[in-house]
file query-v1.txt (compact mmCIF, C-alpha atoms)
# COMPACT_ATOMS: atom_id res chain seq x y z
CA MET A 16 -8.29 66.95 15.95
CA THR A 17 -6.45 63.84 16.98
CA THR A 18 -3.92 64.48 19.70
CA PRO A 19 -0.71 62.45 19.84
CA ARG A 20 -1.96 60.87 23.06
CA SER A 21 -5.18 59.51 21.55
CA LYS A 22 -3.14 58.08 18.68
CA VAL A 23 -1.27 55.67 20.89
CA PRO A 24 -4.05 53.12 21.41
CA ASN A 25 -4.79 53.09 17.66
CA ALA A 26 -1.16 52.57 16.82
CA ALA A 27 -0.92 49.83 19.43
CA ARG A 28 -4.03 48.17 18.02
CA ARG A 29 -2.68 48.33 14.48
CA SER A 30 0.65 46.98 15.63
CA GLN A 31 -1.08 44.16 17.50
CA SER A 32 -3.15 43.36 14.44
CA SER A 33 -0.08 43.28 12.13
CA ARG A 34 1.65 41.06 14.64
CA ARG A 35 -1.21 38.57 14.62
CA ALA A 36 -1.40 38.61 10.82
CA ILE A 37 2.33 37.87 10.58
CA LEU A 38 2.21 35.02 13.09
CA THR A 39 -0.86 33.47 11.48
CA ALA A 40 0.80 33.72 8.05
CA ALA A 41 4.00 32.10 9.37
CA PHE A 42 2.11 29.17 10.88
CA ASP A 43 -0.09 28.61 7.82
CA LEU A 44 2.79 28.89 5.35
CA ALA A 45 4.98 26.50 7.35
CA GLY A 46 2.14 23.99 6.99
CA GLU A 47 1.65 24.66 3.29
CA LEU A 48 5.25 24.98 2.10
CA GLY A 49 7.23 23.11 4.72
CA TYR A 50 9.83 24.91 6.78
CA GLY A 51 12.60 24.69 4.18
CA ARG A 52 10.65 26.79 1.69
CA LEU A 53 9.20 29.17 4.27
CA SER A 54 10.68 32.68 3.90
CA ILE A 55 10.28 36.10 5.47
CA GLU A 56 9.26 37.34 1.98
CA ALA A 57 6.41 34.84 1.78
CA ILE A 58 5.24 35.63 5.32
CA ALA A 59 5.27 39.38 4.57
CA ALA A 60 3.30 38.92 1.34
CA ARG A 61 0.68 36.71 3.00
CA ALA A 62 0.33 39.03 6.01
CA GLY A 63 0.16 42.14 3.82
CA VAL A 64 3.07 43.89 5.52
CA GLY A 65 6.54 44.94 4.43
CA LYS A 66 9.53 42.67 5.07
CA GLN A 67 11.05 45.39 7.25
CA THR A 68 8.08 45.22 9.62
CA ILE A 69 8.91 41.57 10.28
CA TYR A 70 12.67 42.18 10.63
CA ARG A 71 11.93 44.99 13.12
CA TRP A 72 10.35 42.45 15.48
CA TRP A 73 12.04 39.12 14.74
CA PRO A 74 15.61 38.14 13.76
CA SER A 75 14.71 35.00 11.79
CA LYS A 76 11.88 32.86 10.44
CA GLY A 77 12.50 30.44 13.33
CA ALA A 78 11.83 33.24 15.81
CA VAL A 79 8.59 34.19 14.02
CA LEU A 80 7.39 30.60 14.07
CA PHE A 81 8.24 30.24 17.74
CA ASP A 82 6.07 33.27 18.55
CA ALA A 83 3.30 31.85 16.36
CA PHE A 84 3.22 28.77 18.58
CA LEU A 85 3.29 30.99 21.64
CA MET A 86 0.28 32.94 20.31
CA LEU A 87 -1.62 29.68 19.71
CA SER A 88 -0.99 28.62 23.29
CA GLU A 89 -2.44 31.89 24.58
CA GLY A 90 -6.02 33.16 24.76
CA PRO A 91 -7.36 35.93 22.51
CA GLU A 92 -6.23 38.64 24.95
CA GLY A 93 -2.76 37.19 25.26
CA GLU A 94 -3.26 35.58 28.65
CA ALA A 95 -2.47 31.93 29.21
CA GLU A 96 -5.34 29.57 28.42
CA PRO A 97 -6.61 27.65 31.46
CA ALA A 98 -5.93 24.24 29.92
CA ALA A 99 -6.13 20.87 31.63
CA LEU A 100 -6.06 17.24 30.55
CA PRO A 101 -9.41 15.43 30.76
CA ASP A 102 -10.14 13.83 34.12
CA THR A 103 -12.99 11.31 34.03
CA GLY A 104 -11.33 9.27 36.78
CA ASP A 105 -10.24 6.66 34.21
CA LEU A 106 -6.58 7.55 33.66
CA ALA A 107 -5.99 5.10 30.80
CA ALA A 108 -9.06 6.29 28.87
CA ASP A 109 -8.15 9.95 29.44
CA LEU A 110 -4.56 9.51 28.25
CA LYS A 111 -5.61 7.45 25.23
CA ALA A 112 -7.99 10.25 24.24
CA VAL A 113 -5.18 12.81 24.61
CA LEU A 114 -2.59 10.74 22.71
CA ARG A 115 -5.05 9.94 19.92
CA ALA A 116 -5.82 13.66 19.60
CA THR A 117 -2.09 14.44 19.45
CA LEU A 118 -1.68 11.72 16.84
CA THR A 119 -4.45 13.27 14.75
CA GLU A 120 -2.58 16.60 14.85
CA LEU A 121 0.73 14.91 14.01
CA THR A 122 -0.79 13.32 10.91
CA ASP A 123 -2.38 16.59 9.69
CA PRO A 124 0.25 18.46 7.64
CA ARG A 125 -1.31 21.86 8.44
CA ILE A 126 -0.36 21.30 12.07
CA SER A 127 2.45 18.75 11.90
CA GLU A 128 4.59 20.65 9.38
CA PRO A 129 4.82 23.82 11.52
CA MET A 130 5.42 21.60 14.56
CA ARG A 131 8.17 19.74 12.73
CA ALA A 132 9.74 23.04 11.72
CA LEU A 133 9.68 24.28 15.32
CA THR A 134 11.07 20.99 16.62
CA ILE A 135 13.97 21.08 14.16
CA GLU A 136 14.79 24.67 15.13
CA VAL A 137 14.68 23.79 18.82
CA ALA A 138 16.83 20.68 18.31
CA GLY A 139 19.51 22.72 16.54
CA ASP A 140 19.57 25.82 18.74
CA PRO A 141 20.33 25.58 22.50
CA GLU A 142 19.09 29.13 23.17
CA LEU A 143 15.77 28.50 21.45
CA ALA A 144 15.62 25.18 23.33
CA ALA A 145 15.87 27.05 26.64
CA LEU A 146 13.07 29.41 25.55
CA TYR A 147 11.05 26.41 24.36
CA ALA A 148 11.52 24.61 27.68
CA GLU A 149 10.43 27.74 29.57
CA ARG A 150 7.59 29.08 27.43
CA LEU A 151 6.12 26.14 25.50
CA ASP A 152 7.15 22.73 26.82
CA GLY A 153 7.16 23.91 30.45
CA PRO A 154 3.50 24.99 30.69
CA VAL A 155 2.30 21.92 28.75
CA ARG A 156 4.40 19.66 30.95
CA GLU A 157 2.92 21.27 34.06
CA ILE A 158 -0.58 20.46 32.78
CA LYS A 159 0.43 16.84 32.26
CA ARG A 160 2.10 16.71 35.69
CA ARG A 161 -1.08 17.97 37.32
CA ARG A 162 -3.19 15.18 35.80
CA LEU A 163 -0.63 12.50 36.71
CA ARG A 164 -0.25 13.89 40.24
CA VAL A 165 -3.99 13.45 40.82
CA ALA A 166 -3.66 9.86 39.58
CA ARG A 167 -0.71 9.24 41.84
CA GLU A 168 -2.56 10.68 44.85
CA SER A 169 -5.57 8.48 44.16
CA GLY A 170 -3.34 5.39 44.01
CA GLN A 171 -3.60 4.77 40.26
CA LEU A 172 0.14 5.37 39.92
CA SER A 173 2.87 4.12 42.22
CA PRO A 174 3.59 6.64 45.02
CA ASP A 175 7.27 6.81 44.04
CA VAL A 176 6.60 7.59 40.36
CA ASP A 177 8.77 10.45 39.02
CA LEU A 178 6.25 12.54 37.10
CA ASP A 179 8.76 13.61 34.44
CA VAL A 180 9.82 10.02 33.81
CA ALA A 181 6.10 9.23 33.50
CA ILE A 182 5.49 12.07 31.04
CA ASP A 183 8.52 11.08 28.94
CA SER A 184 7.48 7.40 28.97
CA ILE A 185 3.98 8.22 27.73
CA TRP A 186 4.67 10.97 25.17
CA GLY A 187 8.36 10.48 24.24
CA PRO A 188 7.97 7.37 22.05
CA LEU A 189 5.17 8.95 20.00
CA LEU A 190 7.10 12.17 19.38
CA ASN A 191 10.25 10.28 18.45
CA ARG A 192 8.44 7.99 15.98
CA TRP A 193 6.69 10.98 14.45
CA LEU A 194 9.83 13.07 14.11
CA LEU A 195 12.03 10.35 12.60
CA ARG A 196 9.22 8.61 10.70
CA THR A 197 10.35 5.20 11.99
CA GLY A 198 6.88 3.63 12.08
CA PRO A 199 3.17 4.15 11.40
CA LEU A 200 1.18 6.52 13.64
CA THR A 201 -2.03 4.60 14.32
CA PRO A 202 -4.60 4.93 17.13
CA GLU A 203 -3.64 1.38 18.16
CA TYR A 204 -0.03 2.50 18.55
CA ALA A 205 -1.13 5.39 20.80
CA ASP A 206 -3.21 2.99 22.91
CA ALA A 207 -0.34 0.49 23.19
CA LEU A 208 2.02 3.22 24.42
CA VAL A 209 -0.45 4.30 27.11
CA ASP A 210 -1.11 0.70 28.20
CA THR A 211 2.61 -0.10 28.37
CA ALA A 212 3.53 3.06 30.27
CA LEU A 213 0.65 2.82 32.74
CA ARG A 214 1.36 -0.84 33.49
CA GLY A 215 4.92 0.23 34.19
CA LEU A 216 3.88 3.14 36.43
CA ARG A 217 1.10 1.64 38.52
CA PRO A 218 1.55 0.47 42.11
CA THR A 219 3.27 -2.91 42.41
CA MET B 6 56.28 0.38 -16.74
CA THR B 7 52.85 0.55 -15.17
CA THR B 8 50.12 -0.77 -17.43
CA PRO B 9 46.66 0.78 -17.36
CA ARG B 10 45.29 -2.46 -15.89
CA SER B 11 47.63 -2.46 -12.91
CA LYS B 12 46.71 1.17 -12.28
CA VAL B 13 43.07 0.41 -11.54
CA PRO B 14 43.54 -1.18 -8.11
CA ASN B 15 45.79 1.73 -7.08
CA ALA B 16 43.22 4.28 -8.23
CA ALA B 17 40.49 2.37 -6.41
CA ARG B 18 42.60 2.26 -3.28
CA ARG B 19 43.34 5.99 -3.48
CA SER B 20 39.67 6.71 -4.07
CA GLN B 21 38.68 4.53 -1.11
CA SER B 22 41.25 6.27 1.05
CA SER B 23 40.02 9.77 0.05
CA ARG B 24 36.48 8.66 0.77
CA ARG B 25 37.38 7.56 4.28
CA ALA B 26 39.34 10.76 4.93
CA ILE B 27 36.33 12.85 3.84
CA LEU B 28 33.84 10.90 5.96
CA THR B 29 36.10 10.99 9.02
CA ALA B 30 36.61 14.74 8.58
CA ALA B 31 32.85 15.32 8.24
CA PHE B 32 32.09 13.41 11.42
CA ASP B 33 34.87 15.05 13.44
CA LEU B 34 34.05 18.57 12.22
CA ALA B 35 30.34 18.16 12.94
CA GLY B 36 31.36 17.34 16.52
CA GLU B 37 33.79 20.26 16.76
CA LEU B 38 31.86 23.00 14.96
CA GLY B 39 28.24 21.88 15.24
CA TYR B 40 26.25 21.16 12.12
CA GLY B 41 25.33 24.79 11.40
CA ARG B 42 28.97 25.79 10.90
CA LEU B 43 29.99 22.58 9.10
CA SER B 44 30.79 23.24 5.45
CA ILE B 45 32.02 21.34 2.41
CA GLU B 46 35.01 23.74 2.37
CA ALA B 47 35.98 22.79 5.92
CA ILE B 48 35.57 19.07 5.23
CA ALA B 49 37.72 19.34 2.09
CA ALA B 50 40.46 21.25 3.95
CA ARG B 51 40.54 18.77 6.85
CA ALA B 52 40.52 15.74 4.51
CA GLY B 53 43.20 17.24 2.26
CA VAL B 54 41.11 16.98 -0.92
CA GLY B 55 39.59 19.50 -3.29
CA LYS B 56 35.96 20.62 -2.85
CA GLN B 57 35.17 19.19 -6.29
CA THR B 58 36.16 15.71 -5.10
CA ILE B 59 33.45 15.93 -2.45
CA TYR B 60 30.83 17.37 -4.79
CA ARG B 61 31.57 14.58 -7.28
CA TRP B 62 30.38 12.00 -4.72
CA TRP B 63 27.86 13.83 -2.51
CA PRO B 64 25.23 16.50 -3.21
CA SER B 65 25.25 18.10 0.28
CA LYS B 66 26.91 18.12 3.68
CA GLY B 67 23.91 16.17 5.02
CA ALA B 68 24.63 13.39 2.51
CA VAL B 69 28.31 13.28 3.52
CA LEU B 70 27.40 13.05 7.19
CA PHE B 71 24.88 10.29 6.50
CA ASP B 72 27.58 8.22 4.78
CA ALA B 73 29.95 8.94 7.67
CA PHE B 74 27.46 7.30 10.03
CA LEU B 75 27.06 4.45 7.59
CA MET B 76 30.84 3.93 7.52
CA LEU B 77 30.94 3.88 11.33
CA SER B 78 28.27 1.17 11.38
CA GLU B 79 30.33 -0.99 9.02
CA GLY B 80 33.48 -2.99 9.58
CA PRO B 81 36.89 -1.99 8.18
CA GLU B 82 36.26 -3.85 4.91
CA GLY B 83 32.83 -2.32 4.45
CA GLU B 84 30.83 -5.33 5.58
CA ALA B 85 28.18 -5.02 8.28
CA GLU B 86 29.49 -5.49 11.81
CA PRO B 87 28.06 -8.52 13.61
CA ALA B 88 26.60 -6.50 16.49
CA ALA B 89 24.32 -7.72 19.26
CA LEU B 90 23.00 -6.36 22.53
CA PRO B 91 24.49 -7.98 25.64
CA ASP B 92 22.65 -11.07 26.86
CA THR B 93 23.57 -12.11 30.40
CA GLY B 94 20.06 -13.47 30.94
CA ASP B 95 19.20 -10.43 33.11
CA LEU B 96 17.19 -8.28 30.70
CA ALA B 97 16.94 -5.24 32.98
CA ALA B 98 20.67 -5.18 33.71
CA ASP B 99 21.50 -5.63 30.02
CA LEU B 100 19.22 -2.81 28.89
CA LYS B 101 20.42 -0.48 31.64
CA ALA B 102 24.01 -1.07 30.49
CA VAL B 103 23.00 -0.31 26.89
CA LEU B 104 20.99 2.83 27.76
CA ARG B 105 23.72 4.14 30.05
CA ALA B 106 26.24 3.64 27.23
CA THR B 107 23.95 5.49 24.83
CA LEU B 108 23.56 8.27 27.39
CA THR B 109 27.34 8.55 27.68
CA GLU B 110 27.53 9.02 23.90
CA LEU B 111 24.67 11.54 23.93
CA THR B 112 26.48 13.67 26.50
CA ASP B 113 29.81 13.58 24.62
CA PRO B 114 29.76 16.45 22.07
CA ARG B 115 32.19 14.62 19.74
CA ILE B 116 29.50 12.00 19.20
CA SER B 117 26.28 13.78 20.11
CA GLU B 118 26.81 16.80 17.86
CA PRO B 119 27.19 14.73 14.66
CA MET B 120 24.21 12.62 15.83
CA ARG B 121 22.15 15.74 16.43
CA ALA B 122 23.07 17.02 12.99
CA LEU B 123 22.03 13.74 11.37
CA THR B 124 18.78 13.62 13.37
CA ILE B 125 17.85 17.17 12.32
CA GLU B 126 18.54 16.35 8.66
CA VAL B 127 16.45 13.17 8.88
CA ALA B 128 13.60 15.00 10.64
CA GLY B 129 13.44 17.60 7.89
CA ASP B 130 13.88 15.40 4.83
CA PRO B 131 11.44 12.53 4.09
CA GLU B 132 13.77 10.97 1.49
CA LEU B 133 16.70 10.92 3.88
CA ALA B 134 14.32 9.57 6.54
CA ALA B 135 13.49 6.61 4.27
CA LEU B 136 17.20 5.96 3.73
CA TYR B 137 17.80 6.33 7.47
CA ALA B 138 15.02 3.86 8.28
CA GLU B 139 16.45 1.36 5.80
CA ARG B 140 20.21 1.69 6.30
CA LEU B 141 20.76 2.98 9.85
CA ASP B 142 17.69 2.71 12.11
CA GLY B 143 16.56 -0.56 10.53
CA PRO B 144 19.67 -2.67 11.28
CA VAL B 145 19.98 -1.23 14.81
CA ARG B 146 16.29 -1.88 15.43
CA GLU B 147 16.70 -5.47 14.26
CA ILE B 148 19.49 -5.97 16.80
CA LYS B 149 17.21 -4.65 19.56
CA ARG B 150 14.31 -6.80 18.34
CA ARG B 151 16.50 -9.89 18.49
CA ARG B 152 17.40 -9.30 22.15
CA LEU B 153 13.78 -8.57 23.11
CA ARG B 154 12.52 -11.61 21.18
CA VAL B 155 14.79 -13.86 23.24
CA ALA B 156 13.38 -12.26 26.41
CA ARG B 157 9.83 -12.73 25.16
CA GLU B 158 10.48 -16.37 24.33
CA SER B 159 11.94 -17.01 27.78
CA GLY B 160 8.88 -15.47 29.44
CA GLN B 161 10.54 -12.25 30.68
CA LEU B 162 8.25 -10.21 28.44
CA SER B 163 4.54 -10.74 27.88
CA PRO B 164 3.92 -13.11 24.92
CA ASP B 165 1.75 -10.47 23.17
CA VAL B 166 4.36 -7.67 23.38
CA ASP B 167 4.79 -5.78 20.10
CA LEU B 168 8.57 -5.57 19.77
CA ASP B 169 8.50 -2.16 18.06
CA VAL B 170 6.27 -0.71 20.79
CA ALA B 171 8.75 -2.16 23.27
CA ILE B 172 11.75 -0.62 21.49
CA ASP B 173 10.04 2.78 21.25
CA SER B 174 9.00 2.64 24.92
CA ILE B 175 12.56 1.92 26.06
CA TRP B 176 14.59 4.19 23.75
CA GLY B 177 12.07 6.84 22.58
CA PRO B 178 11.89 8.88 25.80
CA LEU B 179 15.68 9.14 26.07
CA LEU B 180 16.12 10.26 22.46
CA ASN B 181 13.33 12.79 22.76
CA ARG B 182 14.71 14.32 26.00
CA TRP B 183 18.18 14.47 24.46
CA LEU B 184 17.04 16.06 21.22
CA LEU B 185 14.81 18.74 22.78
CA ARG B 186 16.93 19.22 25.92
CA THR B 187 13.83 19.01 28.13
CA GLY B 188 15.57 17.43 31.12
CA PRO B 189 18.87 16.14 32.51
CA LEU B 190 20.44 12.98 31.06
CA THR B 191 21.55 11.03 34.13
CA PRO B 192 22.28 7.32 34.63
CA GLU B 193 19.34 7.27 37.08
CA TYR B 194 17.06 8.56 34.35
CA ALA B 195 18.21 5.77 32.01
CA ASP B 196 17.57 3.19 34.74
CA ALA B 197 14.11 4.61 35.51
CA LEU B 198 13.13 4.39 31.83
CA VAL B 199 14.20 0.74 31.64
CA ASP B 200 12.42 -0.13 34.89
CA THR B 201 9.21 1.61 33.82
CA ALA B 202 9.16 0.07 30.35
CA LEU B 203 10.02 -3.45 31.52
CA ARG B 204 7.35 -3.38 34.26
CA GLY B 205 4.93 -2.36 31.52
CA LEU B 206 6.05 -5.11 29.16
CA ARG B 207 6.38 -8.12 31.45
CA PRO B 208 3.79 -10.90 31.69
CA THR B 209 0.73 -9.96 33.77

call {"tool": "encode", "arguments": {"input": "query-v1.txt", "output": "structure tokens"}}
result
Amino acid sequence: MTTPRSKVPNAARRSQSSRRAILTAAFDLAGELGYGRLSIEAIAARAGVGKQTIYRWWPSKGAVLFDAFLMLSEGPEGEAEPAALPDTGDLAADLKAVLRATLTELTDPRISEPMRALTIEVAGDPELAALYAERLDGPVREIKRRRLRVARESGQLSPDVDLDVAIDSIWGPLLNRWLLRTGPLTPEYADALVDTALRGLRPT
Amino acid sequence: MTTPRSKVPNAARRSQSSRRAILTAAFDLAGELGYGRLSIEAIAARAGVGKQTIYRWWPSKGAVLFDAFLMLSEGPEGEAEPAALPDTGDLAADLKAVLRATLTELTDPRISEPMRALTIEVAGDPELAALYAERLDGPVREIKRRRLRVARESGQLSPDVDLDVAIDSIWGPLLNRWLLRTGPLTPEYADALVDTALRGLRPT
């Protein structure tokens, strides 16, 4: 006979599994439908749960999508992934590889549409923006800082470089062009941004 | 007795005046309420017109706001304003003045909230983005290109500088930090962006 105590881990596992199904469904559907047509109903149907299960955990589709991105940035057991930017010693080559990879994601609707949806939510909601800065942008920014700090210490960047100005100068133009669709996203564009920023950041 | 013919100019004038009242109300209310709480009802009440008058001319609040920005970029008679970036011969000083002025606008809710609303609409709507690129971003970008072209011709920028890469490198980081609230918007930040970009863009 199953005691109430032994039920807890099963319930927790089921709950964890529903949670993952919901977040995966939200991410996939945002990519397939676009954020405007994404709905709690559609997420529930795809995840095979009732709408009330979703509303019990999240107040809005924006909140579900935010947690979906959080899940993607974590390892399978929920712990933070030990991520780092490549470090071959050639800063320009490493950053070009990273920016080209980002550009590939930004031109793939399955990834870029959920990202666009999240970005729009963050832009319009100061509270979500604070959570975004703390939980998503913050950790990624720290990874970038770490790589640029190594470059600064080895003399590839000017010793008085502000690492956040450097990060914004390298990644900001790409994200802005992507979001507002003001120009083509080509590998050459990514390379030109890295070359321009690094020339501007190196020792004089 | 008023003939039908003499009525036309009056009707056109009244229509033009209602149009301006609606666009001004939309811009002001977006700044006061934020875009989320902006409504056609509120715009109609502030402008002193009926809701149907607005719906006759615009399909959505996003469309009204877009035209409000368009009106602001035009002169009083509807023609394009002959705008140019300052040119004192000192490119860095000129761009710092421009970026600091932009930063002042981006930290004033009466201007930044309508701009945020427009940016969010453009980010989420490819058709509006095309219109934005053609009618709003395009003309502004051409003004920036003109100033940078002069600098390139006088040898202050490298002869092989891509003017759009240059524009993105100077303005992109600021717009991205503003939109996602990922860092403070200070005059020193604006200056650092200009210094970094110009070092990266000058002749080697």

call {"tool": "atom_distance", "arguments": {"input": "query-v1.txt", "atom1": "CA of Leu216 (chain A)", "atom2": "CA of Leu172 (chain A)"}}
result
5.6 Å

call {"tool": "atom_distance", "arguments": {"input": "query-v1.txt", "atom1": "CA of Asp109 (chain A)", "atom2": "CA of Val209 (chain A)"}}
result
9.8 Å

call {"tool": "closest_residue", "arguments": {"input": "query-v1.txt", "among": "A:Asp206, A:Asp102, A:Glu120, A:Asp43", "to": "chain B", "atoms": "only C-alpha atoms"}}
result
A:Asp206

call {"tool": "closest_residue", "arguments": {"input": "query-v1.txt", "among": "A:Val113, A:Leu151, A:Ile135, A:Ala166", "to": "Pro202 (chain A)", "atoms": "all atoms listed in the file"}}
result
A:Val113

call {"tool": "interface_residues", "arguments": {"input": "query-v1.txt", "of": "chain B", "to": "chain A", "cutoff": "6 Å", "atoms": "only C-alpha atoms", "output": "VMD selection string"}}
result
chain B and resid 125 128 173 to 174 177 to 178 181 184 to 185 201 to 202 204 to 205

call {"tool": "atom_distance", "arguments": {"input": "query-v1.txt", "atom1": "CA of Thr119 (chain A)", "atom2": "CA of Leu200 (chain A)"}}
result
8.9 Å

call {"tool": "build_atoms", "arguments": {"input": "query-v1.txt", "residues": "region 182-205 of chain A", "atoms": "N, CA and C atoms", "output": "JSON list (two decimals), in the coordinates of the input"}}
result
[["chain", "number", "residue", "atom", "x", "y", "z"],
["A", 182, "ILE", "N", 5.85, 11.28, 32.22],
["A", 182, "ILE", "CA", 5.49, 12.07, 31.04],
["A", 182, "ILE", "C", 6.32, 11.63, 29.83],
["A", 183, "ASP", "N", 7.65, 11.50, 30.04],
["A", 183, "ASP", "CA", 8.52, 11.08, 28.94],
["A", 183, "ASP", "C", 8.14, 9.69, 28.44],
["A", 184, "SER", "N", 7.80, 8.78, 29.37],
["A", 184, "SER", "CA", 7.48, 7.40, 28.97],
["A", 184, "SER", "C", 6.19, 7.33, 28.17],
["A", 185, "ILE", "N", 5.26, 8.23, 28.44],
["A", 185, "ILE", "CA", 3.98, 8.22, 27.73],
["A", 185, "ILE", "C", 4.09, 8.94, 26.39],
["A", 186, "TRP", "N", 4.67, 10.15, 26.39],
["A", 186, "TRP", "CA", 4.67, 10.97, 25.17],
["A", 186, "TRP", "C", 5.93, 10.82, 24.32],
["A", 187, "GLY", "N", 7.08, 10.51, 24.96],
["A", 187, "GLY", "CA", 8.36, 10.48, 24.24],
["A", 187, "GLY", "C", 8.38, 9.55, 23.03],
["A", 188, "PRO", "N", 7.90, 8.30, 23.19],
["A", 188, "PRO", "CA", 7.97, 7.37, 22.05],
["A", 188, "PRO", "C", 7.18, 7.86, 20.84],
["A", 189, "LEU", "N", 6.00, 8.45, 21.10],
["A", 189, "LEU", "CA", 5.17, 8.95, 20.00],
["A", 189, "LEU", "C", 5.87, 10.08, 19.25],
["A", 190, "LEU", "N", 6.44, 11.03, 20.01],
["A", 190, "LEU", "CA", 7.10, 12.17, 19.38],
["A", 190, "LEU", "C", 8.32, 11.74, 18.59],
["A", 191, "ASN", "N", 9.06, 10.76, 19.14],
["A", 191, "ASN", "CA", 10.25, 10.28, 18.45],
["A", 191, "ASN", "C", 9.90, 9.54, 17.15],
["A", 192, "ARG", "N", 8.85, 8.70, 17.19],
["A", 192, "ARG", "CA", 8.44, 7.99, 15.98],
["A", 192, "ARG", "C", 7.93, 8.96, 14.93],
["A", 193, "TRP", "N", 7.18, 9.96, 15.38],
["A", 193, "TRP", "CA", 6.69, 10.98, 14.45],
["A", 193, "TRP", "C", 7.84, 11.73, 13.81],
["A", 194, "LEU", "N", 8.77, 12.20, 14.62],
["A", 194, "LEU", "CA", 9.83, 13.07, 14.11],
["A", 194, "LEU", "C", 10.73, 12.33, 13.13],
["A", 195, "LEU", "N", 11.09, 11.08, 13.44],
["A", 195, "LEU", "CA", 12.03, 10.35, 12.60],
["A", 195, "LEU", "C", 11.33, 9.42, 11.61],
["A", 196, "ARG", "N", 10.01, 9.40, 11.64],
["A", 196, "ARG", "CA", 9.22, 8.61, 10.70],
["A", 196, "ARG", "C", 9.66, 7.15, 10.70],
["A", 197, "THR", "N", 9.85, 6.57, 11.91],
["A", 197, "THR", "CA", 10.35, 5.20, 11.99],
["A", 197, "THR", "C", 9.24, 4.16, 12.08],
["A", 198, "GLY", "N", 7.96, 4.60, 12.04],
["A", 198, "GLY", "CA", 6.88, 3.63, 12.08],
["A", 198, "GLY", "C", 5.55, 4.33, 11.88],
["A", 199, "PRO", "N", 4.49, 3.55, 11.64],
["A", 199, "PRO", "CA", 3.17, 4.15, 11.40],
["A", 199, "PRO", "C", 2.57, 4.76, 12.67],
["A", 200, "LEU", "N", 1.84, 5.86, 12.51],
["A", 200, "LEU", "CA", 1.18, 6.52, 13.64],
["A", 200, "LEU", "C", -0.31, 6.15, 13.60],
["A", 201, "THR", "N", -0.65, 5.08, 14.30],
["A", 201, "THR", "CA", -2.03, 4.60, 14.32],
["A", 201, "THR", "C", -2.62, 4.78, 15.72],
["A", 202, "PRO", "N", -3.98, 4.84, 15.80],
["A", 202, "PRO", "CA", -4.60, 4.93, 17.13],
["A", 202, "PRO", "C", -4.21, 3.74, 18.00],
["A", 203, "GLU", "N", -4.03, 2.57, 17.39],
["A", 203, "GLU", "CA", -3.64, 1.38, 18.16],
["A", 203, "GLU", "C", -2.26, 1.57, 18.78],
["A", 204, "TYR", "N", -1.38, 2.23, 18.03],
["A", 204, "TYR", "CA", -0.03, 2.50, 18.55],
["A", 204, "TYR", "C", -0.13, 3.42, 19.78],
["A", 205, "ALA", "N", -0.94, 4.47, 19.66],
["A", 205, "ALA", "CA", -1.13, 5.39, 20.80],
["A", 205, "ALA", "C", -1.65, 4.62, 22.02]]
